[in-house]
$ cat upload31.csv   # CSV, C-alpha atoms
chain,number,residue,atom,x,y,z
E,51,MET,CA,-39.5,-121.6,101.1
E,52,GLU,CA,-42.1,-120.0,98.8
E,53,GLY,CA,-45.0,-121.6,100.6
E,54,LEU,CA,-44.2,-119.9,103.9
E,55,GLU,CA,-44.4,-116.4,102.5
E,56,HIS,CA,-47.6,-114.6,101.9
E,57,SER,CA,-47.7,-111.3,100.1
E,58,VAL,CA,-47.5,-108.1,102.1
E,59,TYR,CA,-50.6,-106.0,101.6
E,60,VAL,CA,-48.7,-102.8,101.6
E,61,ALA,CA,-46.5,-104.1,98.8
E,62,ASP,CA,-49.6,-105.1,96.8
E,63,LEU,CA,-51.0,-101.6,97.3
E,64,PHE,CA,-47.7,-100.0,96.3
E,65,ASN,CA,-47.6,-102.1,93.1
E,66,LYS,CA,-51.2,-101.3,92.3
E,67,LEU,CA,-50.4,-97.6,92.6
E,68,PHE,CA,-46.9,-97.3,91.1
E,69,GLY,CA,-46.6,-100.6,89.3
E,70,LYS,CA,-47.4,-99.3,85.8
E,71,PRO,CA,-45.0,-96.3,85.7
E,72,ILE,CA,-42.2,-98.4,87.2
E,73,LEU,CA,-42.8,-101.1,84.7
E,74,ALA,CA,-42.7,-98.5,81.9
E,75,LEU,CA,-39.5,-97.0,83.3
E,76,LEU,CA,-37.9,-100.4,83.5
E,77,GLY,CA,-39.0,-101.1,80.0
E,78,LEU,CA,-37.2,-98.0,78.8
E,79,LEU,CA,-34.0,-99.3,80.5
E,80,GLY,CA,-34.5,-102.6,78.8
E,81,ILE,CA,-35.1,-104.6,82.0
E,82,GLU,CA,-37.8,-107.2,82.0
E,83,PRO,CA,-39.1,-107.9,85.6
E,84,LYS,CA,-39.6,-111.6,86.5
E,85,ASN,CA,-43.1,-110.9,87.8
E,86,PRO,CA,-44.9,-108.3,85.7
E,87,HIS,CA,-47.8,-108.0,88.1
E,88,SER,CA,-45.6,-106.8,91.0
E,89,PRO,CA,-42.5,-105.3,89.6
E,90,VAL,CA,-41.3,-104.0,93.0
E,91,PRO,CA,-40.6,-106.9,95.4
E,92,ASP,CA,-42.1,-106.5,98.9
E,93,TYR,CA,-38.8,-106.1,100.6
E,94,LEU,CA,-38.0,-103.1,98.5
E,95,VAL,CA,-41.4,-101.6,99.4
E,96,MET,CA,-40.6,-102.2,103.0
E,97,VAL,CA,-37.2,-100.5,102.6
E,98,ILE,CA,-38.9,-97.5,101.1
E,99,ILE,CA,-41.5,-97.5,103.9
E,100,VAL,CA,-38.8,-97.6,106.6
E,101,ALA,CA,-36.8,-94.9,104.9
E,102,LEU,CA,-39.8,-92.6,104.6
E,103,LEU,CA,-40.8,-93.3,108.2
E,104,LEU,CA,-37.4,-92.4,109.4
E,105,ILE,CA,-37.1,-89.3,107.2
E,106,ILE,CA,-40.5,-88.0,108.1
E,107,LEU,CA,-40.5,-88.9,111.8
E,108,LEU,CA,-37.0,-87.7,112.5
E,109,GLY,CA,-37.4,-84.7,110.2
E,110,LEU,CA,-40.5,-83.6,112.0
E,111,ALA,CA,-39.1,-84.3,115.4
E,112,SER,CA,-35.9,-82.3,114.9
E,113,ARG,CA,-37.7,-79.1,114.2
E,114,LYS,CA,-38.0,-76.2,116.7
E,115,LEU,CA,-34.9,-77.2,118.8
E,116,SER,CA,-34.3,-75.2,121.9
E,117,LEU,CA,-31.6,-74.8,124.4
E,118,ILE,CA,-33.8,-76.2,127.2
E,119,PRO,CA,-34.8,-79.6,125.7
E,120,SER,CA,-38.3,-80.8,125.7
E,121,SER,CA,-39.0,-84.5,126.3
E,122,ARG,CA,-39.0,-85.1,122.5
E,123,GLN,CA,-35.7,-83.3,122.0
E,124,SER,CA,-34.0,-85.1,124.9
E,125,PHE,CA,-35.2,-88.4,123.5
E,126,LEU,CA,-33.5,-87.5,120.2
E,127,GLU,CA,-30.4,-86.4,122.0
E,128,THR,CA,-30.3,-89.8,123.8
E,129,ILE,CA,-30.3,-91.6,120.5
E,130,LEU,CA,-27.6,-89.3,119.2
E,131,GLN,CA,-25.5,-89.6,122.3
E,132,THR,CA,-25.7,-93.4,122.1
E,133,PHE,CA,-24.1,-93.5,118.7
E,134,GLU,CA,-21.6,-90.8,119.7
E,135,GLY,CA,-20.6,-92.8,122.7
E,136,ILE,CA,-20.0,-95.9,120.6
E,137,LEU,CA,-17.9,-93.9,118.1
E,138,THR,CA,-15.8,-92.1,120.7
E,139,ASP,CA,-15.3,-95.3,122.7
E,140,ILE,CA,-13.9,-97.1,119.7
E,141,ILE,CA,-12.3,-94.5,117.3
E,142,GLY,CA,-11.6,-91.6,119.7
E,143,GLU,CA,-12.5,-88.0,119.5
E,144,THR,CA,-12.1,-87.8,115.8
E,145,GLY,CA,-14.8,-90.5,115.5
E,146,LYS,CA,-17.6,-87.9,115.6
E,147,LYS,CA,-17.3,-87.1,112.0
E,148,TYR,CA,-18.5,-90.6,111.0
E,149,LEU,CA,-21.7,-90.1,113.0
E,150,PRO,CA,-24.0,-89.5,109.9
E,151,MET,CA,-23.2,-92.8,108.2
E,152,ILE,CA,-23.1,-94.9,111.4
E,153,GLY,CA,-26.3,-93.3,112.8
E,154,THR,CA,-28.2,-93.7,109.5
E,155,ILE,CA,-27.2,-97.4,109.2
E,156,GLY,CA,-27.9,-98.1,112.8
E,157,LEU,CA,-31.3,-96.5,112.8
E,158,PHE,CA,-32.3,-98.0,109.5
E,159,ILE,CA,-31.3,-101.5,110.6
E,160,PHE,CA,-33.0,-101.1,113.9
E,161,CYS,CA,-36.3,-99.9,112.4
E,162,SER,CA,-36.1,-102.6,109.7
E,163,ASN,CA,-35.7,-105.3,112.3
E,164,MET,CA,-38.5,-103.9,114.5
E,165,ILE,CA,-41.0,-103.3,111.7
E,166,GLY,CA,-41.3,-107.1,111.2
E,167,LEU,CA,-43.1,-107.3,114.5
E,168,VAL,CA,-45.9,-105.0,113.3
E,169,PRO,CA,-48.7,-107.2,111.8
E,170,GLY,CA,-49.0,-106.8,108.1
E,171,PHE,CA,-45.4,-105.8,107.6
E,172,MET,CA,-42.2,-107.8,107.1
E,173,SER,CA,-38.6,-107.1,108.0
E,174,PRO,CA,-36.7,-106.0,104.9
E,175,THR,CA,-33.6,-107.3,106.7
E,176,SER,CA,-34.9,-110.8,106.4
E,177,LYS,CA,-33.8,-110.7,102.8
E,178,LEU,CA,-30.1,-111.1,101.9
E,179,ASN,CA,-30.3,-108.3,99.3
E,180,VAL,CA,-31.0,-105.6,101.9
E,181,THR,CA,-28.4,-106.7,104.4
E,182,ALA,CA,-25.8,-107.2,101.7
E,183,GLY,CA,-26.5,-103.6,100.6
E,184,CYS,CA,-25.9,-102.3,104.1
E,185,ALA,CA,-22.8,-104.4,104.5
E,186,LEU,CA,-21.4,-103.2,101.1
E,187,ALA,CA,-22.1,-99.6,102.0
E,188,VAL,CA,-20.1,-100.1,105.2
E,189,PHE,CA,-17.3,-101.8,103.2
E,190,VAL,CA,-17.0,-99.1,100.6
E,191,TYR,CA,-17.3,-96.4,103.3
E,192,TYR,CA,-14.5,-97.6,105.5
E,193,HIS,CA,-12.1,-98.1,102.7
E,194,TRP,CA,-12.9,-94.6,101.4
E,195,GLN,CA,-12.4,-93.1,104.8
E,196,GLY,CA,-9.2,-94.9,105.2
E,197,ILE,CA,-7.9,-93.7,101.9
E,198,LYS,CA,-9.0,-90.2,102.8
E,199,ALA,CA,-7.4,-90.2,106.2
E,200,GLN,CA,-4.1,-91.8,105.2
E,201,GLY,CA,-3.6,-91.3,101.5
E,202,PRO,CA,-3.9,-94.1,99.0
E,203,LEU,CA,-0.3,-95.4,99.1
E,204,ARG,CA,-0.1,-95.4,102.9
E,205,TYR,CA,-3.4,-97.1,103.1
E,206,LEU,CA,-2.5,-99.8,100.7
E,207,LYS,CA,0.8,-100.3,102.5
E,208,HIS,CA,-1.3,-101.5,105.5
E,209,PHE,CA,-2.2,-104.6,103.6
E,210,THR,CA,1.4,-105.7,103.3
E,211,GLY,CA,1.9,-106.0,107.0
E,212,PRO,CA,4.8,-104.7,109.1
E,213,ILE,CA,7.7,-106.8,107.6
E,214,PRO,CA,8.3,-106.3,103.8
E,215,ALA,CA,9.7,-109.8,103.4
E,216,LEU,CA,6.4,-111.3,104.6
E,217,ALA,CA,4.3,-109.1,102.3
E,218,PRO,CA,3.6,-111.7,99.5
E,219,LEU,CA,2.3,-114.0,102.3
E,220,LEU,CA,0.2,-111.4,104.1
E,221,LEU,CA,-1.3,-109.7,101.1
E,222,PRO,CA,-3.7,-112.5,100.1
E,223,ILE,CA,-4.6,-113.1,103.7
E,224,GLU,CA,-5.4,-109.5,104.3
E,225,ILE,CA,-7.4,-109.2,101.1
E,226,ILE,CA,-9.4,-112.3,101.9
E,227,SER,CA,-10.1,-111.1,105.5
E,228,HIS,CA,-11.3,-107.7,104.2
E,229,PHE,CA,-13.6,-109.4,101.7
E,230,SER,CA,-15.0,-111.7,104.3
E,231,ARG,CA,-16.1,-108.8,106.4
E,232,PRO,CA,-19.2,-107.7,104.3
E,233,VAL,CA,-20.0,-111.4,103.9
E,234,SER,CA,-20.1,-112.0,107.6
E,235,LEU,CA,-21.8,-108.7,108.3
E,236,SER,CA,-24.6,-109.4,105.9
E,237,LEU,CA,-25.0,-113.1,106.7
E,238,ARG,CA,-25.1,-112.5,110.4
E,239,LEU,CA,-27.9,-109.9,110.2
E,240,PHE,CA,-29.8,-111.8,107.6
E,241,GLY,CA,-29.5,-115.2,109.4
E,242,ASN,CA,-30.7,-113.8,112.7
E,243,ILE,CA,-33.7,-111.9,111.4
E,244,PHE,CA,-34.7,-114.6,108.9
E,245,ALA,CA,-34.4,-117.4,111.5
E,246,GLU,CA,-36.4,-115.4,114.0
E,247,GLU,CA,-39.2,-114.6,111.6
E,248,LEU,CA,-39.2,-118.3,110.5
E,249,LEU,CA,-39.4,-119.3,114.1
E,250,ILE,CA,-42.4,-117.0,114.8
E,251,VAL,CA,-44.1,-118.3,111.7
E,252,ILE,CA,-43.6,-121.9,112.6
E,253,ILE,CA,-44.7,-121.4,116.2
E,254,ALA,CA,-47.7,-119.4,115.1
E,255,SER,CA,-48.7,-122.2,112.7
E,256,ILE,CA,-48.7,-124.6,115.6
E,257,VAL,CA,-50.4,-122.5,118.3
E,258,PRO,CA,-51.6,-119.2,116.8
E,259,PHE,CA,-52.6,-117.4,120.0
E,260,VAL,CA,-50.5,-116.9,123.1
E,261,LEU,CA,-47.4,-119.0,122.3
E,262,PRO,CA,-45.8,-116.7,119.7
E,263,LEU,CA,-45.7,-113.8,122.2
E,264,PRO,CA,-42.5,-114.8,124.2
E,265,PHE,CA,-40.7,-115.4,120.9
E,266,MET,CA,-41.7,-112.0,119.7
E,267,ALA,CA,-40.3,-110.6,122.9
E,268,VAL,CA,-37.1,-112.4,122.1
E,269,ALA,CA,-37.3,-110.9,118.6
E,270,ILE,CA,-37.2,-107.4,120.1
E,271,PHE,CA,-34.1,-108.3,122.0
E,272,THR,CA,-32.5,-109.8,118.9
E,273,ALA,CA,-33.4,-106.7,116.8
E,274,VAL,CA,-31.6,-104.4,119.3
E,275,ILE,CA,-28.6,-106.6,119.7
E,276,GLN,CA,-28.1,-107.2,116.0
E,277,SER,CA,-28.4,-103.5,115.1
E,278,PHE,CA,-26.0,-102.7,117.9
E,279,VAL,CA,-23.5,-105.3,116.7
E,280,PHE,CA,-23.7,-104.1,113.1
E,281,VAL,CA,-22.9,-100.6,114.3
E,282,LEU,CA,-20.2,-101.8,116.6
E,283,LEU,CA,-18.5,-103.8,113.8
E,284,ALA,CA,-18.8,-100.9,111.4
E,285,CYS,CA,-17.1,-98.7,113.9
E,286,ILE,CA,-14.3,-101.2,114.5
E,287,TYR,CA,-13.7,-101.5,110.8
E,288,ILE,CA,-13.6,-97.7,110.4
E,289,ALA,CA,-11.2,-97.5,113.3
E,290,GLY,CA,-8.9,-100.1,111.8
E,291,ALA,CA,-8.9,-98.2,108.5
E,292,VAL,CA,-8.5,-94.7,109.9
E,293,ILE,CA,-6.3,-94.9,113.0
E,294,GLN,CA,-2.7,-94.1,112.0
E,295,GLU,CA,0.1,-96.3,113.3
E,296,GLU,CA,2.7,-94.5,115.4
E,297,GLU,CA,5.8,-96.4,114.2
E,298,HIS,CA,6.7,-95.4,110.7
U,1411,MET,CA,-13.3,-136.8,129.6
U,1412,LYS,CA,-16.8,-136.3,130.8
U,1413,LYS,CA,-17.4,-133.7,128.0
U,1414,THR,CA,-16.3,-136.1,125.3
U,1415,HIS,CA,-18.8,-138.6,126.7
U,1416,ALA,CA,-21.5,-136.0,126.5
U,1417,PHE,CA,-20.7,-135.2,123.0
U,1418,GLY,CA,-20.5,-138.8,122.0
U,1419,LEU,CA,-23.9,-139.4,123.6
U,1420,LEU,CA,-25.3,-136.4,121.7
U,1421,LEU,CA,-24.0,-137.7,118.4
U,1422,PHE,CA,-25.4,-141.1,119.2
U,1423,PHE,CA,-28.9,-139.6,119.9
U,1424,VAL,CA,-28.7,-137.5,116.7
U,1425,LEU,CA,-27.9,-140.6,114.7
U,1426,LEU,CA,-30.6,-142.5,116.6
U,1427,ALA,CA,-33.2,-139.9,115.8
U,1428,GLY,CA,-32.3,-140.2,112.1
U,1429,SER,CA,-32.5,-144.0,112.0
U,1430,PRO,CA,-36.3,-144.3,111.5
U,1431,LEU,CA,-35.7,-142.4,108.2
U,1432,LEU,CA,-33.3,-145.1,107.1
U,1433,ALA,CA,-35.7,-147.8,107.9
U,1434,GLN,CA,-38.5,-146.3,105.9
U,1435,GLU,CA,-39.8,-147.9,102.8
U,1436,ALA,CA,-38.5,-146.6,99.5
U,1437,GLY,CA,-41.0,-144.4,97.7
U,1438,ALA,CA,-41.8,-144.0,94.0
U,1439,VAL,CA,-38.5,-142.3,93.4
U,1440,ALA,CA,-36.5,-145.1,94.8
U,1441,ASP,CA,-33.2,-144.3,93.2
U,1442,LYS,CA,-33.1,-140.8,94.6
U,1443,ALA,CA,-34.6,-141.6,98.0
U,1444,PRO,CA,-31.3,-142.4,99.9
U,1445,LEU,CA,-30.0,-139.0,99.0
U,1446,TYR,CA,-33.2,-137.4,100.3
U,1447,LYS,CA,-33.0,-139.3,103.6
U,1448,LEU,CA,-29.3,-138.5,104.0
U,1449,SER,CA,-30.0,-134.8,103.4
U,1450,LEU,CA,-32.7,-134.8,106.1
U,1451,ILE,CA,-30.3,-136.4,108.6
U,1452,VAL,CA,-27.4,-134.2,107.7
U,1453,GLY,CA,-29.6,-131.0,107.8
U,1454,GLY,CA,-30.8,-131.9,111.3
U,1455,ALA,CA,-27.3,-133.0,112.5
U,1456,VAL,CA,-25.6,-129.8,111.3
U,1457,ILE,CA,-27.8,-127.4,113.3
U,1458,THR,CA,-27.9,-129.8,116.3
U,1459,LEU,CA,-24.1,-130.1,116.6
U,1460,ALA,CA,-23.6,-126.4,115.9
U,1461,ALA,CA,-26.1,-125.5,118.6
U,1462,ALA,CA,-24.5,-127.8,121.1
U,1463,ALA,CA,-21.0,-126.6,120.4
U,1464,GLY,CA,-22.1,-122.9,120.3
U,1465,ALA,CA,-24.0,-123.3,123.6
U,1466,PHE,CA,-21.0,-124.9,125.2
U,1467,CYS,CA,-18.7,-122.1,124.2
U,1468,GLN,CA,-21.2,-119.4,125.2
U,1469,ALA,CA,-21.6,-121.0,128.6
U,1470,LYS,CA,-17.9,-120.9,129.0
U,1471,ALA,CA,-17.7,-117.3,128.0
U,1472,ILE,CA,-20.6,-116.3,130.3
U,1473,SER,CA,-19.2,-118.2,133.3
U,1474,SER,CA,-15.8,-116.5,133.0
U,1475,ALA,CA,-17.5,-113.2,132.5
U,1476,CYS,CA,-19.5,-113.8,135.7
U,1477,GLU,CA,-16.3,-114.7,137.6
U,1478,GLY,CA,-14.6,-111.6,136.4
U,1479,ILE,CA,-17.5,-109.4,137.4
U,1480,SER,CA,-17.8,-111.0,140.9
U,1481,ARG,CA,-14.0,-110.5,141.4
U,1482,ASN,CA,-14.0,-106.9,140.2
U,1483,PRO,CA,-17.5,-105.4,140.1
U,1484,GLY,CA,-16.0,-102.0,139.0
U,1485,SER,CA,-15.1,-103.4,135.6
U,1486,ALA,CA,-18.6,-104.7,135.0
U,1487,PRO,CA,-19.5,-102.4,132.0
U,1488,THR,CA,-16.3,-103.3,130.1
U,1489,ILE,CA,-16.7,-107.0,130.8
U,1490,ARG,CA,-20.3,-106.9,129.8
U,1491,PHE,CA,-19.5,-105.1,126.5
U,1492,ILE,CA,-16.8,-107.6,125.6
U,1493,MET,CA,-19.0,-110.5,126.7
U,1494,ILE,CA,-21.9,-109.5,124.4
U,1495,PHE,CA,-19.5,-108.9,121.6
U,1496,GLY,CA,-17.9,-112.3,122.0
U,1497,LEU,CA,-21.3,-114.0,122.4
U,1498,VAL,CA,-22.4,-112.5,119.1
U,1499,LEU,CA,-19.3,-113.6,117.3
U,1500,ILE,CA,-19.9,-117.2,118.6
U,1501,GLU,CA,-23.6,-116.8,117.7
U,1502,THR,CA,-22.6,-115.9,114.1
U,1503,LEU,CA,-21.1,-119.3,113.5
U,1504,VAL,CA,-24.2,-121.1,114.8
U,1505,ILE,CA,-26.3,-118.8,112.5
U,1506,TYR,CA,-24.1,-119.9,109.6
U,1507,ALA,CA,-24.8,-123.5,110.4
U,1508,LEU,CA,-28.5,-122.7,110.8
U,1509,LEU,CA,-28.6,-121.1,107.3
U,1510,ILE,CA,-26.9,-124.1,105.8
U,1511,ALA,CA,-29.3,-126.4,107.6
U,1512,ILE,CA,-32.3,-124.4,106.3
U,1513,VAL,CA,-30.9,-124.5,102.8
U,1514,ILE,CA,-30.3,-128.3,103.0
U,1515,LEU,CA,-33.8,-128.9,104.4
U,1516,MET,CA,-35.7,-126.5,102.2
U,1517,ILE,CA,-34.1,-127.5,98.9
U,1518,GLN,CA,-34.7,-131.2,99.7
U,1519,TRP,CA,-31.8,-132.7,97.8
U,1520,GLY,CA,-32.8,-135.8,96.0
U,1521,ASN,CA,-36.6,-135.1,96.3
U,1522,TYR,CA,-36.9,-134.5,92.6
U,1523,LYS,CA,-40.4,-134.6,91.1

$ encode --input "upload31.csv" --output "structure tokens"
Amino acid sequence: MEGLEHSVYVADLFNKLFGKPILALLGLLGIEPKNPHSPVPDYLVMVIIVALLLIILLGLASRKLSLIPSSRQSFLETILQTFEGILTDIIGETGKKYLPMIGTIGLFIFCSNMIGLVPGFMSPTSKLNVTAGCALAVFVYYHWQGIKAQGPLRYLKHFTGPIPALAPLLLPIEIISHFSRPVSLSLRLFGNIFAEELLIVIIASIVPFVLPLPFMAVAIFTAVIQSFVFVLLACIYIAGAVIQEEEH
Amino acid sequence: MKKTHAFGLLLFFVLLAGSPLLAQEAGAVADKAPLYKLSLIVGGAVITLAAAAGAFCQAKAISSACEGISRNPGSAPTIRFIMIFGLVLIETLVIYALLIAIVILMIQWGNYK
């Protein structure tokens, strides 16, 4: 697998600029990086680039808002309303308060998927570490929101199922199903993006000119669908944790 | 019955595609070579079977979604939403198989130097 990867030039540049201070900082913490020449792996550099891109672009774009939207503002509002629509469809009217988390994760994953198509960059989501981070964030977040919405005892009572006699049977099943959620979330995203990048690399190594283009078009489709599905599943998990049951 | 035939035929061809590997001469690492050949065959067979089964299930889902939409065009957005959701869940299992196949083929079990 190592032979297929070439170093990302931006990551080399980043390591040349910030490698020494980061190495010193890690040395203070007692961590010895595996590769001292590039202490920051390229996917982390790409994560930082995507995050900075989103912060700067959206931060600049959301200035000077007016009541009569310009084209830039209506574009932003379309993005916002898409996320809001998903949330209100699944959770209901109370779902709007989860917009910051869901919107951030959705935009981050979408931009991470798409930046792999720019020459000279790679998708950070084609590494399991990044997708597992996103999935774990969703995992912690929906449990936290469930506890906040229902109280710790009532939330834990959900795991035992409706009938008390069946609780010892249902508790392990529920716990396993909850822990399989971040695994499936992270593996789905990672597998799709990784396989798609691998496909493009293999096709480009056979015929480097026109033939990769249709696969890259498919890659755009995959990026949109996968980020949508990640957001959708996160919403469904939050809905399952937050929505109160009527009969109690 | 026809579908079982199709799957049997598919399995036959998968095994047939692997048979030249079995007929190859043993290399320098003769004792580990059978494991290596087997891993290549298994790695190919895993993703082939998973893709076939996944494609079959997705075709079924899409055809019933099309039937539903043609019967009741008003409910097209809901059906499309559910269809895409279901397709992605089916796709996930194929992707798991793909990851396992990539791991098997990239690690090259038995190809110790």

$ atom_distance --input "upload31.csv" --atom1 "CA of Gly211 (chain E)" --atom2 "CA of Phe280 (chain E)"
26.4 Å

$ residues_around --input "upload31.csv" --residues "Leu261 (chain E)" --least-positions-apart "5" --cutoff "12 Å" --atoms "only C-alpha atoms" --output "PyMOL selection string"
chain E and resi 249-256+266-267

$ write_last_selection --input "upload31.csv" --atoms "C-alpha atoms" --output "short mmCIF file (atom, residue, chain, number, x, y, z; two decimals), in the coordinates of the input"
data_model
loop_
_atom_site.label_atom_id
_atom_site.label_comp_id
_atom_site.auth_asym_id
_atom_site.auth_seq_id
_atom_site.Cartn_x
_atom_site.Cartn_y
_atom_site.Cartn_z
CA LEU E 249 -39.40 -119.30 114.10
CA ILE E 250 -42.40 -117.00 114.80
CA VAL E 251 -44.10 -118.30 111.70
CA ILE E 252 -43.60 -121.90 112.60
CA ILE E 253 -44.70 -121.40 116.20
CA ALA E 254 -47.70 -119.40 115.10
CA SER E 255 -48.70 -122.20 112.70
CA ILE E 256 -48.70 -124.60 115.60
CA MET E 266 -41.70 -112.00 119.70
CA ALA E 267 -40.30 -110.60 122.90
#

$ closest_atom_pairs --input "upload31.csv" --of "chain U" --to "chain E" --cutoff "12 Å" --atoms "all atoms listed in the file" --output "JSON lines"
{"residue": "U:Thr1488", "atom": "CA", "partner": "E:Asp139", "partner_atom": "CA", "distance": 10.9}
{"residue": "U:Phe1491", "atom": "CA", "partner": "E:Leu282", "partner_atom": "CA", "distance": 10.5}
{"residue": "U:Ile1492", "atom": "CA", "partner": "E:Leu282", "partner_atom": "CA", "distance": 11.2}
{"residue": "U:Ile1494", "atom": "CA", "partner": "E:Ile275", "partner_atom": "CA", "distance": 8.7}
{"residue": "U:Phe1495", "atom": "CA", "partner": "E:Val279", "partner_atom": "CA", "distance": 7.3}
{"residue": "U:Gly1496", "atom": "CA", "partner": "E:Val279", "partner_atom": "CA", "distance": 10.4}
{"residue": "U:Leu1497", "atom": "CA", "partner": "E:Val279", "partner_atom": "CA", "distance": 10.6}
{"residue": "U:Val1498", "atom": "CA", "partner": "E:Val279", "partner_atom": "CA", "distance": 7.7}
{"residue": "U:Leu1499", "atom": "CA", "partner": "E:Arg238", "partner_atom": "CA", "distance": 9.1}
{"residue": "U:Ile1500", "atom": "CA", "partner": "E:Arg238", "partner_atom": "CA", "distance": 10.8}
{"residue": "U:Glu1501", "atom": "CA", "partner": "E:Arg238", "partner_atom": "CA", "distance": 8.6}
{"residue": "U:Thr1502", "atom": "CA", "partner": "E:Arg238", "partner_atom": "CA", "distance": 5.6}
{"residue": "U:Leu1503", "atom": "CA", "partner": "E:Arg238", "partner_atom": "CA", "distance": 8.5}
{"residue": "U:Val1504", "atom": "CA", "partner": "E:Gly241", "partner_atom": "CA", "distance": 9.6}
{"residue": "U:Ile1505", "atom": "CA", "partner": "E:Gly241", "partner_atom": "CA", "distance": 5.7}
{"residue": "U:Tyr1506", "atom": "CA", "partner": "E:Gly241", "partner_atom": "CA", "distance": 7.2}
{"residue": "U:Ala1507", "atom": "CA", "partner": "E:Gly241", "partner_atom": "CA", "distance": 9.6}
{"residue": "U:Leu1508", "atom": "CA", "partner": "E:Gly241", "partner_atom": "CA", "distance": 7.7}
{"residue": "U:Leu1509", "atom": "CA", "partner": "E:Gly241", "partner_atom": "CA", "distance": 6.3}
{"residue": "U:Ile1510", "atom": "CA", "partner": "E:Gly241", "partner_atom": "CA", "distance": 9.9}
{"residue": "U:Ala1511", "atom": "CA", "partner": "E:Ala245", "partner_atom": "CA", "distance": 11.1}
{"residue": "U:Ile1512", "atom": "CA", "partner": "E:Ala245", "partner_atom": "CA", "distance": 9.0}
{"residue": "U:Val1513", "atom": "CA", "partner": "E:Met51", "partner_atom": "CA", "distance": 9.2}
{"residue": "U:Ile1514", "atom": "CA", "partner": "E:Met51", "partner_atom": "CA", "distance": 11.5}
{"residue": "U:Leu1515", "atom": "CA", "partner": "E:Met51", "partner_atom": "CA", "distance": 9.8}
{"residue": "U:Met1516", "atom": "CA", "partner": "E:Met51", "partner_atom": "CA", "distance": 6.3}
{"residue": "U:Ile1517", "atom": "CA", "partner": "E:Met51", "partner_atom": "CA", "distance": 8.3}
{"residue": "U:Gln1518", "atom": "CA", "partner": "E:Met51", "partner_atom": "CA", "distance": 10.8}

$ closest_residue --input "upload31.csv" --among "E:Lys70, E:Glu134, E:Lys146, E:Ser162" --to "Val95 (chain E)" --atoms "only C-alpha atoms"
E:Ser162

$ atom_distance --input "upload31.csv" --atom1 "CA of His228 (chain E)" --atom2 "CA of Gly145 (chain E)"
20.9 Å

$ atom_distance --input "upload31.csv" --atom1 "CA of Lys84 (chain E)" --atom2 "CA of Ala187 (chain E)"
26.3 Å

$ residues_around --input "upload31.csv" --residues "region 148-156 of chain E" --least-positions-apart "6" --cutoff "12 Å" --atoms "all atoms listed in the file" --output "PyMOL selection string"
chain E and resi 100-101+104-105+108+126+129-138+140-142+162-163+180-181+183-192+194-196+273-289+292

$ residues_near_point --input "upload31.csv" --point "(-44.3, -105.5, 101.0)" --cutoff "9 Å" --atoms "all atoms listed in the file" --output "MDAnalysis selection string"
chainID E and resid 57:64 90:97 99 170:172 174

$ write_last_selection --input "upload31.csv" --atoms "C-alpha atoms" --output "PDB file, in the frame of the given file"
ATOM      1  CA  SER E  57     -47.700-111.300 100.100  1.00  0.00           C
ATOM      2  CA  VAL E  58     -47.500-108.100 102.100  1.00  0.00           C
ATOM      3  CA  TYR E  59     -50.600-106.000 101.600  1.00  0.00           C
ATOM      4  CA  VAL E  60     -48.700-102.800 101.600  1.00  0.00           C
ATOM      5  CA  ALA E  61     -46.500-104.100  98.800  1.00  0.00           C
ATOM      6  CA  ASP E  62     -49.600-105.100  96.800  1.00  0.00           C
ATOM      7  CA  LEU E  63     -51.000-101.600  97.300  1.00  0.00           C
ATOM      8  CA  PHE E  64     -47.700-100.000  96.300  1.00  0.00           C
ATOM      9  CA  VAL E  90     -41.300-104.000  93.000  1.00  0.00           C
ATOM     10  CA  PRO E  91     -40.600-106.900  95.400  1.00  0.00           C
ATOM     11  CA  ASP E  92     -42.100-106.500  98.900  1.00  0.00           C
ATOM     12  CA  TYR E  93     -38.800-106.100 100.600  1.00  0.00           C
ATOM     13  CA  LEU E  94     -38.000-103.100  98.500  1.00  0.00           C
ATOM     14  CA  VAL E  95     -41.400-101.600  99.400  1.00  0.00           C
ATOM     15  CA  MET E  96     -40.600-102.200 103.000  1.00  0.00           C
ATOM     16  CA  VAL E  97     -37.200-100.500 102.600  1.00  0.00           C
ATOM     17  CA  ILE E  99     -41.500 -97.500 103.900  1.00  0.00           C
ATOM     18  CA  GLY E 170     -49.000-106.800 108.100  1.00  0.00           C
ATOM     19  CA  PHE E 171     -45.400-105.800 107.600  1.00  0.00           C
ATOM     20  CA  MET E 172     -42.200-107.800 107.100  1.00  0.00           C
ATOM     21  CA  PRO E 174     -36.700-106.000 104.900  1.00  0.00           C
TER      22      PRO E 174
END
